[in-house]
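Shown next: coords23.txt, containing compact mmCIF, C-alpha atoms.
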# COMPACT_ATOMS: atom_id res chain seq x y z
CA MET A 19 -24.82 56.85 30.55
CA ASP A 20 -28.20 58.49 31.11
CA ILE A 21 -28.03 59.48 34.78
CA ARG A 22 -31.69 60.39 35.16
CA ARG A 23 -32.85 56.98 33.93
CA ASN A 24 -30.29 55.08 35.96
CA LEU A 25 -30.39 57.18 39.14
CA PRO A 26 -33.09 55.06 40.89
CA LEU A 27 -31.04 51.94 40.19
CA LEU A 28 -27.84 53.61 41.43
CA MET A 29 -29.66 54.66 44.60
CA THR A 30 -30.92 51.10 45.07
CA ILE A 31 -27.40 49.73 44.64
CA CYS A 32 -25.94 52.17 47.16
CA PHE A 33 -28.74 51.55 49.65
CA LEU A 34 -28.35 47.77 49.51
CA SER A 35 -24.54 47.80 49.64
CA GLN A 36 -24.39 50.34 52.47
CA MET A 37 -27.09 48.52 54.42
CA GLY A 38 -25.11 45.31 54.01
CA GLY A 39 -21.89 46.93 55.16
CA PHE A 40 -23.51 48.34 58.29
CA MET A 41 -25.26 45.04 58.99
CA ILE A 42 -21.94 43.33 59.60
CA LEU A 43 -20.11 46.34 61.09
CA PRO A 44 -21.21 45.85 64.73
CA LEU A 45 -21.21 42.04 64.47
CA PHE A 46 -17.93 41.27 62.71
CA PRO A 47 -15.70 41.59 65.81
CA LEU A 48 -18.07 39.34 67.78
CA PHE A 49 -18.27 36.86 64.91
CA ILE A 50 -14.54 36.28 64.45
CA GLU A 51 -14.02 36.26 68.21
CA GLU A 52 -16.02 33.01 68.31
CA PHE A 53 -13.12 31.27 66.57
CA GLY A 54 -10.72 31.95 69.45
CA LEU A 55 -8.40 34.33 67.62
CA SER A 56 -5.91 36.37 69.62
CA GLY A 57 -6.35 40.10 70.05
CA TRP A 58 -3.37 40.78 67.77
CA MET A 59 -4.72 38.53 65.00
CA MET A 60 -8.10 40.23 65.22
CA GLY A 61 -6.39 43.62 64.91
CA VAL A 62 -4.55 42.46 61.78
CA ILE A 63 -7.80 41.24 60.22
CA PHE A 64 -9.51 44.53 61.03
CA ALA A 65 -6.60 46.52 59.55
CA LEU A 66 -6.60 44.54 56.29
CA PHE A 67 -9.96 46.07 55.39
CA TYR A 68 -8.40 49.53 55.42
CA VAL A 69 -5.37 48.27 53.50
CA GLY A 70 -7.82 47.20 50.80
CA LYS A 71 -9.44 50.64 50.86
CA VAL A 72 -6.07 52.36 50.44
CA ILE A 73 -4.92 50.28 47.46
CA GLY A 74 -8.33 49.86 45.82
CA GLY A 75 -8.90 53.35 44.44
CA VAL A 76 -6.51 53.43 41.48
CA PRO A 77 -7.30 49.91 40.15
CA SER A 78 -11.02 50.64 40.46
CA ALA A 79 -10.66 53.81 38.39
CA ALA A 80 -8.77 51.84 35.73
CA ILE A 81 -11.47 49.15 35.67
CA TYR A 82 -14.13 51.83 35.31
CA LYS A 83 -12.34 53.37 32.32
CA LYS A 84 -11.73 49.95 30.74
CA LEU A 85 -15.10 48.27 31.25
CA GLY A 86 -17.48 51.17 31.75
CA GLY A 87 -19.73 51.95 34.71
CA LYS A 88 -22.23 49.11 34.40
CA LYS A 89 -19.73 46.25 34.12
CA ALA A 90 -17.49 47.77 36.79
CA LEU A 91 -20.45 47.98 39.20
CA ILE A 92 -21.40 44.37 38.55
CA LEU A 93 -17.81 43.25 39.14
CA MET A 94 -17.51 45.14 42.46
CA LEU A 95 -20.88 43.89 43.71
CA ILE A 96 -20.08 40.27 42.84
CA LEU A 97 -16.78 40.61 44.70
CA LEU A 98 -18.66 41.97 47.74
CA ALA A 99 -21.14 39.08 47.57
CA VAL A 100 -18.28 36.57 47.47
CA CYS A 101 -16.67 38.21 50.51
CA MET A 102 -19.88 38.21 52.55
CA GLY A 103 -20.69 34.60 51.71
CA GLY A 104 -17.09 33.67 52.44
CA PHE A 105 -17.25 35.25 55.90
CA ALA A 106 -20.24 33.06 56.76
CA LEU A 107 -18.45 29.89 55.66
CA SER A 108 -14.82 30.54 56.73
CA THR A 109 -13.23 29.34 59.94
CA ALA A 110 -9.53 30.11 59.38
CA ALA A 111 -7.83 33.42 60.15
CA VAL A 112 -6.00 33.50 56.80
CA PHE A 113 -9.29 33.36 54.89
CA PHE A 114 -10.84 36.03 57.10
CA GLY A 115 -7.85 38.27 56.37
CA LEU A 116 -7.98 37.67 52.61
CA LEU A 117 -11.73 38.27 52.45
CA ARG A 118 -11.40 41.40 54.57
CA LEU A 119 -8.75 42.75 52.18
CA LEU A 120 -10.99 42.04 49.16
CA GLN A 121 -13.94 43.64 50.96
CA GLY A 122 -11.94 46.84 51.34
CA LEU A 123 -11.01 46.77 47.65
CA ALA A 124 -14.63 46.26 46.59
CA SER A 125 -15.91 48.89 49.02
CA THR A 126 -13.60 51.58 47.69
CA GLY A 127 -14.19 50.40 44.14
CA LEU A 128 -17.94 50.76 44.51
CA THR A 129 -17.55 54.32 45.78
CA VAL A 130 -15.16 55.25 42.97
CA VAL A 131 -17.39 53.79 40.25
CA VAL A 132 -20.65 55.31 41.52
CA ARG A 133 -19.17 58.77 42.03
CA SER A 134 -17.42 58.57 38.64
CA ILE A 135 -20.70 57.71 36.93
CA ILE A 136 -22.28 60.77 38.52
CA GLY A 137 -19.30 62.95 37.67
CA ASP A 138 -19.12 61.86 34.03
CA GLY A 139 -22.86 61.74 33.35
CA GLY A 140 -23.87 64.86 35.24
CA ASN A 141 -23.02 68.49 34.72
CA VAL A 142 -22.30 71.57 36.79
CA ASP A 143 -26.02 72.14 37.36
CA ASN A 144 -26.95 68.71 38.70
CA ARG A 145 -23.90 66.86 40.04
CA GLY A 146 -24.48 68.16 43.55
CA LEU A 147 -28.12 67.12 43.45
CA TYR A 148 -27.38 63.64 42.14
CA ASN A 149 -24.55 63.10 44.64
CA GLY A 150 -26.99 64.19 47.35
CA TYR A 151 -29.43 61.49 46.27
CA ILE A 152 -26.64 58.91 46.45
CA SER A 153 -25.57 60.08 49.92
CA SER A 154 -29.17 59.95 51.13
CA SER A 155 -29.61 56.38 49.91
CA GLU A 156 -26.35 55.38 51.62
CA GLY A 157 -27.55 57.09 54.80
CA GLY A 158 -30.77 55.08 54.75
CA GLY A 159 -28.80 51.86 54.53
CA MET A 160 -26.46 53.00 57.30
CA VAL A 161 -29.41 53.55 59.65
CA LEU A 162 -31.37 50.40 58.79
CA GLY A 163 -28.52 47.88 58.54
CA PRO A 164 -27.46 47.66 62.21
CA VAL A 165 -31.07 47.30 63.39
CA ILE A 166 -31.72 44.33 61.08
CA SER A 167 -28.48 42.53 61.93
CA GLY A 168 -28.90 43.18 65.65
CA TRP A 169 -32.37 41.65 65.63
CA LEU A 170 -31.18 38.64 63.60
CA ALA A 171 -28.30 38.07 66.01
CA LEU A 172 -30.76 37.67 68.88
CA HIS A 173 -32.55 34.76 67.20
CA TRP A 174 -30.05 33.23 64.77
CA PRO A 175 -26.32 32.41 64.66
CA LEU A 176 -24.02 35.31 63.86
CA SER A 177 -23.32 33.82 60.40
CA VAL A 178 -26.91 34.43 59.27
CA PRO A 179 -26.59 38.23 58.85
CA PHE A 180 -23.60 37.63 56.58
CA LEU A 181 -25.71 35.38 54.39
CA LEU A 182 -28.44 38.02 54.25
CA VAL A 183 -25.85 40.63 53.21
CA THR A 184 -24.78 38.24 50.44
CA VAL A 185 -28.38 38.23 49.20
CA CYS A 186 -28.47 42.04 49.35
CA CYS A 187 -25.32 42.23 47.21
CA LEU A 188 -26.82 39.84 44.66
CA MET A 189 -29.97 41.96 44.54
CA ALA A 190 -27.74 44.95 43.86
CA VAL A 191 -26.12 42.99 41.01
CA VAL A 192 -29.56 42.49 39.46
CA ALA A 193 -30.20 46.25 39.78
CA ALA A 194 -26.86 46.98 38.09
CA MET A 195 -27.71 44.62 35.25
CA GLY A 196 -30.87 46.66 34.65
CA MET A 197 -28.92 49.87 34.04
CA LYS A 198 -28.84 51.19 30.49
CA THR A 199 -25.53 52.24 28.99
CA THR A 200 -25.19 55.05 26.48
CA THR A 201 -25.25 52.60 23.57
CA GLN A 202 -28.38 50.88 24.84
CA ALA A 203 -30.10 54.19 25.51
CA ARG A 204 -29.20 55.46 22.05
CA ALA A 205 -30.58 52.29 20.41
CA THR A 206 -33.84 52.62 22.34
CA HIS A 207 -33.95 56.33 21.57
CA GLU A 208 -33.44 55.83 17.83
CA SER A 209 -35.96 52.98 17.62
CA GLY A 210 -38.70 55.39 18.72
CA ASN A 211 -38.00 57.61 15.69
CA THR A 212 -40.17 60.41 17.04
CA LEU A 213 -40.37 63.96 15.79
CA SER A 214 -39.08 65.31 19.10
CA ASP A 215 -35.95 63.21 18.75
CA HIS A 216 -35.19 64.73 15.35
CA LEU A 217 -35.83 68.22 16.69
CA LEU A 218 -33.43 67.63 19.57
CA GLU A 219 -30.77 66.28 17.22
CA ASP A 220 -31.16 69.27 14.89
CA HIS A 221 -30.90 71.62 17.85
CA SER A 222 -27.73 69.90 19.05
CA ALA A 223 -26.22 70.20 15.60
CA VAL A 224 -26.92 73.93 15.56
CA VAL A 225 -25.39 74.42 18.99
CA LYS A 226 -22.18 72.67 17.99
CA GLN A 227 -21.53 75.12 15.15
CA GLU A 228 -19.40 78.03 16.29
CA PRO A 229 -20.53 81.42 14.90
CA LEU A 230 -17.81 83.42 13.23
CA ASP A 231 -17.33 87.13 13.34
CA SER A 232 -16.46 89.27 10.33
CA SER A 233 -12.77 88.55 10.71
CA GLY A 234 -13.29 84.82 10.38
CA TYR A 235 -12.47 84.00 13.98
CA SER A 236 -14.80 82.21 16.36
CA VAL A 237 -16.71 84.42 18.76
CA LEU A 238 -16.84 81.60 21.33
CA HIS A 239 -13.35 80.89 22.60
CA THR A 240 -13.57 78.09 25.11
CA ASP A 241 -9.96 78.58 26.18
CA ASP A 242 -10.44 82.23 27.15
CA PRO A 243 -11.94 83.33 30.46
CA PRO A 244 -15.33 85.09 30.40
CA LEU A 245 -15.31 88.86 30.41
CA PRO A 246 -15.97 90.44 33.80
CA THR A 247 -19.46 91.88 34.09
CA THR A 248 -18.90 94.16 37.06
CA THR A 249 -16.12 96.23 38.57
CA SER A 250 -15.64 93.71 41.37
CA ASP A 251 -15.48 90.87 38.83
CA ALA A 252 -12.86 92.78 36.87
CA LEU A 253 -10.77 93.32 39.98
CA HIS A 254 -11.13 89.66 40.92
CA THR A 255 -10.13 88.56 37.41
CA GLN A 256 -7.13 90.88 37.43
CA ALA A 257 -6.06 89.60 40.85
CA ALA A 258 -6.43 86.02 39.71
CA ASP A 259 -4.37 86.66 36.58
CA THR A 260 -1.69 88.39 38.65
CA SER A 261 -1.67 85.50 41.14
CA LEU A 262 -1.32 82.90 38.41
CA THR A 263 1.47 84.86 36.75
CA SER A 264 3.37 85.25 40.02
CA GLN A 265 2.88 81.58 40.90
CA SER A 266 4.43 80.51 37.60
CA ASN A 267 7.60 82.40 38.54
CA GLN A 268 7.75 81.24 42.15
CA ALA A 269 9.36 78.24 43.78
CA PRO A 270 7.79 74.77 43.52
CA GLU A 271 4.29 74.09 44.83
CA SER A 272 5.41 72.80 48.18
CA THR A 273 6.83 76.18 49.16
CA THR A 274 4.10 78.41 47.74
CA THR A 275 2.05 80.29 50.30
CA GLY A 276 -1.67 79.54 50.16
CA PRO A 277 -4.27 82.29 49.75
CA TYR A 278 -5.19 84.30 52.84
CA THR A 279 -2.93 82.15 55.08
CA GLY A 280 0.55 82.26 56.52
CA PHE A 281 1.15 78.60 55.67
CA THR A 282 3.09 77.18 52.76
CA ARG A 283 1.37 74.49 50.72
CA ARG A 284 3.53 71.85 52.38
CA GLN A 285 2.56 73.13 55.84
CA GLN A 286 -1.10 73.11 54.87
CA LEU A 287 -0.86 69.54 53.61
CA VAL A 288 0.97 68.37 56.73
CA GLY A 289 -1.47 70.16 59.05
CA TYR A 290 -4.66 68.99 57.36
CA GLY A 291 -3.25 65.50 56.81
CA THR A 292 -2.30 65.19 60.49
CA VAL A 293 -5.74 66.26 61.68
CA HIS A 294 -7.60 63.88 59.38
CA PHE A 295 -5.12 61.08 60.12
CA LEU A 296 -5.88 61.43 63.83
CA GLU A 297 -9.64 61.70 63.32
CA MET A 298 -9.87 58.65 61.07
CA SER A 299 -7.55 56.71 63.38
CA ALA A 300 -9.91 57.39 66.27
CA TYR A 301 -12.92 56.49 64.12
CA ALA A 302 -11.35 53.20 63.04
CA VAL A 303 -10.70 52.26 66.68
CA PHE A 304 -14.32 53.03 67.55
CA LEU A 305 -15.74 51.02 64.64
CA THR A 306 -13.45 48.09 65.34
CA TYR A 307 -13.61 47.78 69.11
CA PHE A 308 -16.87 49.29 70.35
CA ALA A 309 -18.80 46.07 69.74
CA LEU A 310 -16.24 44.10 71.77
CA TYR A 311 -16.27 46.72 74.53
CA ALA A 312 -20.08 46.66 74.66
CA ALA A 313 -20.15 42.86 74.87
CA HIS A 314 -17.36 42.28 77.40
CA ILE A 315 -17.35 45.43 79.53
CA MET A 316 -20.94 46.69 79.37
CA HIS A 317 -22.44 43.19 78.84
CA TRP A 318 -24.76 44.32 76.06
CA ASP A 319 -26.44 41.98 73.61
CA PRO A 320 -25.82 42.40 69.85
CA PHE A 321 -29.13 44.19 69.25
CA ALA A 322 -28.39 46.90 71.83
CA THR A 323 -24.91 47.36 70.31
CA SER A 324 -26.33 47.62 66.78
CA LEU A 325 -28.91 50.13 67.96
CA ALA A 326 -26.08 52.36 69.23
CA PHE A 327 -24.65 52.55 65.71
CA THR A 328 -28.11 53.36 64.37
CA VAL A 329 -28.62 56.19 66.88
CA SER A 330 -25.28 57.71 65.91
CA GLY A 331 -26.13 57.43 62.21
CA ILE A 332 -29.53 59.08 62.63
CA SER A 333 -27.94 61.90 64.61
CA THR A 334 -25.34 62.54 61.90
CA LEU A 335 -27.89 62.50 59.09
CA ALA A 336 -30.23 64.87 60.93
CA ALA A 337 -27.53 67.29 62.02
CA ALA A 338 -25.47 67.47 58.82
CA PRO A 339 -27.59 70.00 56.86
CA PHE A 340 -27.91 72.36 59.84
CA VAL A 341 -24.23 72.11 60.71
CA GLY A 342 -23.29 72.82 57.10
CA TYR A 343 -25.49 75.93 57.12
CA LEU A 344 -23.96 77.04 60.43
CA SER A 345 -20.47 76.48 59.04
CA ASP A 346 -21.22 78.77 56.10
CA ARG A 347 -22.74 81.48 58.28
CA LEU A 348 -20.23 81.36 61.13
CA GLY A 349 -17.20 81.37 58.86
CA ASP A 350 -14.91 79.91 61.55
CA ARG A 351 -14.84 76.36 60.19
CA LEU A 352 -11.86 75.17 62.23
CA LEU A 353 -13.72 76.13 65.41
CA LEU A 354 -16.58 73.85 64.34
CA CYS A 355 -14.06 71.11 63.53
CA MET A 356 -12.67 71.39 67.04
CA LEU A 357 -16.19 71.38 68.50
CA GLY A 358 -16.97 68.26 66.50
CA MET A 359 -13.93 66.40 67.83
CA PHE A 360 -14.80 67.53 71.36
CA LEU A 361 -18.33 66.13 71.01
CA ILE A 362 -16.91 62.84 69.73
CA GLY A 363 -14.70 62.76 72.81
CA ILE A 364 -17.81 63.22 74.99
CA GLU A 365 -19.36 60.22 73.25
CA VAL A 366 -16.37 58.04 74.16
CA ALA A 367 -16.19 59.39 77.72
CA VAL A 368 -19.87 58.57 78.29
CA PHE A 369 -19.66 54.87 77.45
CA LEU A 370 -16.37 54.59 79.36
CA SER A 371 -18.12 55.89 82.49
CA THR A 372 -21.47 54.07 82.36
CA SER A 373 -23.15 51.04 80.82
CA SER A 374 -26.64 52.55 80.99
CA HIS A 375 -28.37 52.12 77.63
CA LEU A 376 -30.05 55.51 77.87
CA TRP A 377 -26.93 57.49 78.68
CA VAL A 378 -24.80 55.68 76.11
CA TYR A 379 -27.42 56.38 73.43
CA VAL A 380 -27.44 60.04 74.47
CA GLY A 381 -23.65 59.98 74.08
CA MET A 382 -24.07 58.46 70.62
CA LEU A 383 -26.45 61.27 69.68
CA ILE A 384 -23.86 63.81 70.80
CA GLY A 385 -21.08 62.00 68.94
CA GLY A 386 -23.19 61.86 65.77
CA VAL A 387 -23.56 65.64 65.86
CA GLY A 388 -19.81 65.88 66.42
CA GLY A 389 -19.12 63.76 63.35
CA ALA A 390 -21.32 66.05 61.26
CA CYS A 391 -19.57 69.15 62.64
CA TYR A 392 -16.16 67.78 61.76
CA MET A 393 -16.84 66.34 58.30
CA ASP A 394 -18.97 69.24 57.05
CA SER A 395 -16.50 71.89 58.20
CA PHE A 396 -13.17 70.17 57.54
CA PHE A 397 -13.49 69.71 53.79
CA ALA A 398 -15.29 73.04 53.41
CA HIS A 399 -12.31 74.69 55.14
CA ILE A 400 -9.93 73.00 52.72
CA GLY A 401 -12.06 74.25 49.83
CA ASP A 402 -11.78 77.78 51.24
CA HIS A 403 -7.99 77.78 51.59
CA ILE A 404 -6.62 75.57 48.80
CA PRO A 405 -6.55 77.00 45.24
CA ASP A 406 -8.74 75.34 42.63
CA GLU A 407 -5.86 73.91 40.61
CA ASN A 408 -4.45 72.03 43.62
CA ARG A 409 -7.58 71.20 45.59
CA SER A 410 -8.35 67.71 44.28
CA SER A 411 -4.70 66.67 44.62
CA VAL A 412 -4.53 67.92 48.21
CA ILE A 413 -7.80 66.22 49.18
CA GLY A 414 -6.60 62.95 47.63
CA LYS A 415 -3.36 63.06 49.62
CA ILE A 416 -5.21 63.89 52.84
CA VAL A 417 -7.68 61.04 52.40
CA SER A 418 -4.89 58.56 51.60
CA ALA A 419 -2.95 59.61 54.70
CA ALA A 420 -6.10 59.20 56.79
CA GLU A 421 -6.64 55.65 55.54
CA ILE A 422 -3.11 54.82 56.65
CA GLY A 423 -4.21 55.93 60.11
CA SER A 424 -7.15 53.55 59.82
CA ILE A 425 -4.66 50.74 59.23
CA VAL A 426 -2.23 51.61 62.01
CA SER A 427 -4.65 52.46 64.82
CA PRO A 428 -6.42 49.05 65.01
CA LEU A 429 -2.99 47.39 65.23
CA VAL A 430 -1.97 49.68 68.09
CA ALA A 431 -5.31 48.98 69.75
CA ALA A 432 -4.73 45.24 69.32
CA LEU A 433 -1.43 45.53 71.15
CA LEU A 434 -3.15 47.45 73.93
CA THR A 435 -5.71 44.65 74.35
CA GLU A 436 -2.84 42.17 74.67
CA VAL A 437 -0.93 44.12 77.33
CA GLY A 438 -3.85 46.01 78.88
CA SER A 439 -7.60 45.88 78.37
CA LEU A 440 -10.40 47.15 76.14
CA TYR A 441 -10.65 50.12 78.46
CA SER A 442 -7.09 51.15 77.54
CA VAL A 443 -8.05 50.98 73.85
CA PHE A 444 -10.55 53.79 74.27
CA MET A 445 -8.21 55.81 76.45
CA PHE A 446 -5.91 55.67 73.41
CA ASN A 447 -8.92 56.82 71.39
CA LEU A 448 -9.35 59.86 73.63
CA VAL A 449 -5.65 60.71 73.26
CA LEU A 450 -6.01 60.71 69.47
CA ILE A 451 -9.00 63.04 69.72
CA ALA A 452 -7.21 65.40 72.11
CA VAL A 453 -4.14 65.66 69.87
CA ALA A 454 -6.35 66.38 66.84
CA ILE A 455 -8.02 69.24 68.73
CA VAL A 456 -4.62 70.68 69.71
CA VAL A 457 -3.34 70.58 66.12
CA GLN A 458 -6.49 72.32 64.88
CA ALA A 459 -6.19 74.94 67.62
CA VAL A 460 -2.63 75.74 66.52
CA MET A 461 -3.67 76.04 62.88
CA ARG A 462 -6.65 78.22 63.79
CA SER A 463 -4.49 80.58 65.85
CA ARG A 464 -2.10 80.98 62.89
CA TYR A 465 -4.98 81.72 60.52
CA ARG A 466 -6.51 84.27 62.89
CA LEU A 467 -3.09 85.89 63.45
CA LYS A 468 -2.61 86.39 59.70
CA GLU A 469 -6.17 87.61 59.21
CA GLY A 470 -5.68 90.09 62.06
So that I can check it, write out the structure of this file as structure tokens.
Amino acid sequence: MDIRRNLPLLMTICFLSQMGGFMILPLFPLFIEEFGLSGWMMGVIFALFYVGKVIGGVPSAAIYKKLGGKKALILMLILLAVCMGGFALSTAAVFFGLLRLLQGLASTGLTVVVRSIIGDGGNVDNRGLYNGYISSSEGGGMVLGPVISGWLALHWPLSVPFLLVTVCCLMAVVAAMGMKTTTQARATHESGNTLSDHLLEDHSAVVKQEPLDSSGYSVLHTDDPPLPTTTSDALHTQAADTSLTSQSNQAPESTTTGPYTGFTRRQQLVGYGTVHFLEMSAYAVFLTYFALYAAHIMHWDPFATSLAFTVSGISTLAAAPFVGYLSDRLGDRLLLCMLGMFLIGIEVAVFLSTSSHLWVYVGMLIGGVGGACYMDSFFAHIGDHIPDENRSSVIGKIVSAAEIGSIVSPLVAALLTEVGSLYSVFMFNLVLIAVAIVVQAVMRSRYRLKEG
């Protein structure tokens, strides 16, 4: 698939789908509350979305390989449209739960397909740039969505934003249908029959031929590593070869010590997985219950609640590039992770202590910076300390464990609403944040001890 031709359409799809998702995010708890569901049932419905996200990744990848990017995108977007329209029309808890599960499947599927299209169609020189464009388009939708839905909720029933999101998903389907696959692009390319096309094809044919040396062997050996060009490169290559040789003779992966650390691979996985589990658990509680807390405790209208999500999103988008730069320059990424979690805790503490719109929005600004500090530094830290051959596997396991936290924490919060109050839900949130900071502090002290 020609990424450059299809990139504007991919960005449009991501913008519309992300805007739709964040339109309903602050309103969904208020919407299903109108049907008189118990706190426990609401928690189950909330958790089913994350169940869908956990189980949706592998099937989505299989669909992408079977049908291709274009058809897979259309399928996921149609499924999202069905879910959003179904929310507006449903009245029974069982249908809400089923649709929420399918929404999670489609949400993860859309992410998998879009990122796979970029990964397969791009190369080492442009994948980062193209993924940046996709993230920017998603960020725009994340900022705009809550404002639109909040304004609609002031003048129309809460079902209307869901219908508008359905329209957005259908518009995204039209955009996906306009994408050109490799076969279509080749047919259009060949129909032009221009001189430049023939020159490019001749050039490609020349490049594919491997020059042979006098001994009859290919000079270009794709399986061999490049020769070191400097003394430091040679030392690095020698060290890498020695490391790989020693690793092949060591115990299994779970007991191998990671580079520059005193942790085994298993300890690294448990430590990172625990931190991200706690962070995503706290985030899921915030996303699920803040709208209810704002409505019942702070007595905010839906527009003011939606605007809080927008303020946090703007803060994260603005801070992320600067925080990433600071993370690279400072070098102490775990310290920035801890700072990020601390700032998120300040955000929660602010709206627990006051209902003032101004102060809560200031807290959201602080929390948005905290989210950027954590996300930018956490995965960069993993990249620094996990070897290349294991990195993707470790990240996948960490993300999966975190999604399990997103399932469990809303259920725990639902029980707390039954036996306590919404206030106790966010005290639980603060406990999760505090434990995450402690775990990171322990890991950081171990790293610094070994480095010393």
From the set A:Ile31, A:Leu43, A:Leu354, A:Val130, which residue has the shortest atom-to-atom contact distance to Ala79 in chain A, counting all atoms listed in the file?
->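 Under the stated criterion, the closest residue is A:Val130.
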Taking only C-alpha atoms into account, which of A:Val165, A:Val183, A:Ile451, A:Leu170 comes nearest Phe295 in chain A?
->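 Selected residue with least distance to Phe295 in chain A: A:Ile451.
Our summary of the geometry notes that CA of Ala309 in chain A is positioned 16.2 Å from CA of Met160 in chain A.
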Expected residue set, 10 Å radius at (-20.9, 35.9, 48.2), all atoms listed in the file, as JSON, numbers by chain | {"A": [95, 96, 97, 98, 99, 100, 101, 102, 103, 104, 105, 106, 107, 180, 181, 182, 183, 184, 185, 186, 187, 188]}
Could you turn the residues from that selection into a file that holds C-alpha atoms, as a compact mmCIF listing (two decimals), in the coordinates of the input?
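Output file out.txt is given in full below:
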# COMPACT_ATOMS: atom_id res chain seq x y z
CA LEU A 95 -20.88 43.89 43.71
CA ILE A 96 -20.08 40.27 42.84
CA LEU A 97 -16.78 40.61 44.70
CA LEU A 98 -18.66 41.97 47.74
CA ALA A 99 -21.14 39.08 47.57
CA VAL A 100 -18.28 36.57 47.47
CA CYS A 101 -16.67 38.21 50.51
CA MET A 102 -19.88 38.21 52.55
CA GLY A 103 -20.69 34.60 51.71
CA GLY A 104 -17.09 33.67 52.44
CA PHE A 105 -17.25 35.25 55.90
CA ALA A 106 -20.24 33.06 56.76
CA LEU A 107 -18.45 29.89 55.66
CA PHE A 180 -23.60 37.63 56.58
CA LEU A 181 -25.71 35.38 54.39
CA LEU A 182 -28.44 38.02 54.25
CA VAL A 183 -25.85 40.63 53.21
CA THR A 184 -24.78 38.24 50.44
CA VAL A 185 -28.38 38.23 49.20
CA CYS A 186 -28.47 42.04 49.35
CA CYS A 187 -25.32 42.23 47.21
CA LEU A 188 -26.82 39.84 44.66
What lies within 8 Å of Met37 in chain A using all atoms listed in the file, ignoring chain neighbours under 5 positions off, as an NGL selection string?
-> :A and (156 or 158-164)
What are the centre and the three edge lengths of an axis-aligned box that wraps all atoms of range 153-170 of chain A in the file, given that 3 Å is added to every side, written as JSON and rounded to one decimal in Å?
{"center_x": -29.0, "center_y": 49.4, "center_z": 57.8, "size_x": 12.8, "size_y": 27.4, "size_z": 21.7}
Range 311-315 of chain A surroundings by all atoms listed in the file, 9 Å radius, close-in-sequence under 3 positions cut, as a list in words = Leu48, Tyr307, Phe308, Trp318, Asp319, Pro320, Ala322, Thr323, Phe369, Ser373, Leu440 and Tyr441 of chain A
Which residue, A:Glu365, A:Asp138, A:Glu421, A:Glu51, has the smallest gap to Phe444 in chain A when you use only C-alpha atoms?
->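 Looking only at the distances to Phe444 in chain A, the closest residue turns out to be A:Glu365.
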How far is it from CA of Tyr82 in chain A to CA of Leu34 in chain A, in Å with one decimal?
->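 The value is 20.5 Å.
Using all atoms listed in the file, the nearest neighbour of Leu27 in chain A within the list A:Arg118, A:Val191, A:Val303, A:Met59 is A:Val191.
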Expressed in Å to a single decimal, how great is the separation between CA of Val132 in chain A and CA of Ala190 in chain A?
->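 Distance between the two atoms: 12.8 Å.
Proximity of A:Ala300, A:Met461, A:Val76, A:Ala337 to Leu287 in chain A, computed with only C-alpha atoms, is greatest for A:Met461.
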Nearest to Phe33 in chain A: which of A:Phe396, A:Thr328, A:Phe340, A:Gly157 is it, counting only C-alpha atoms?
-> A:Gly157
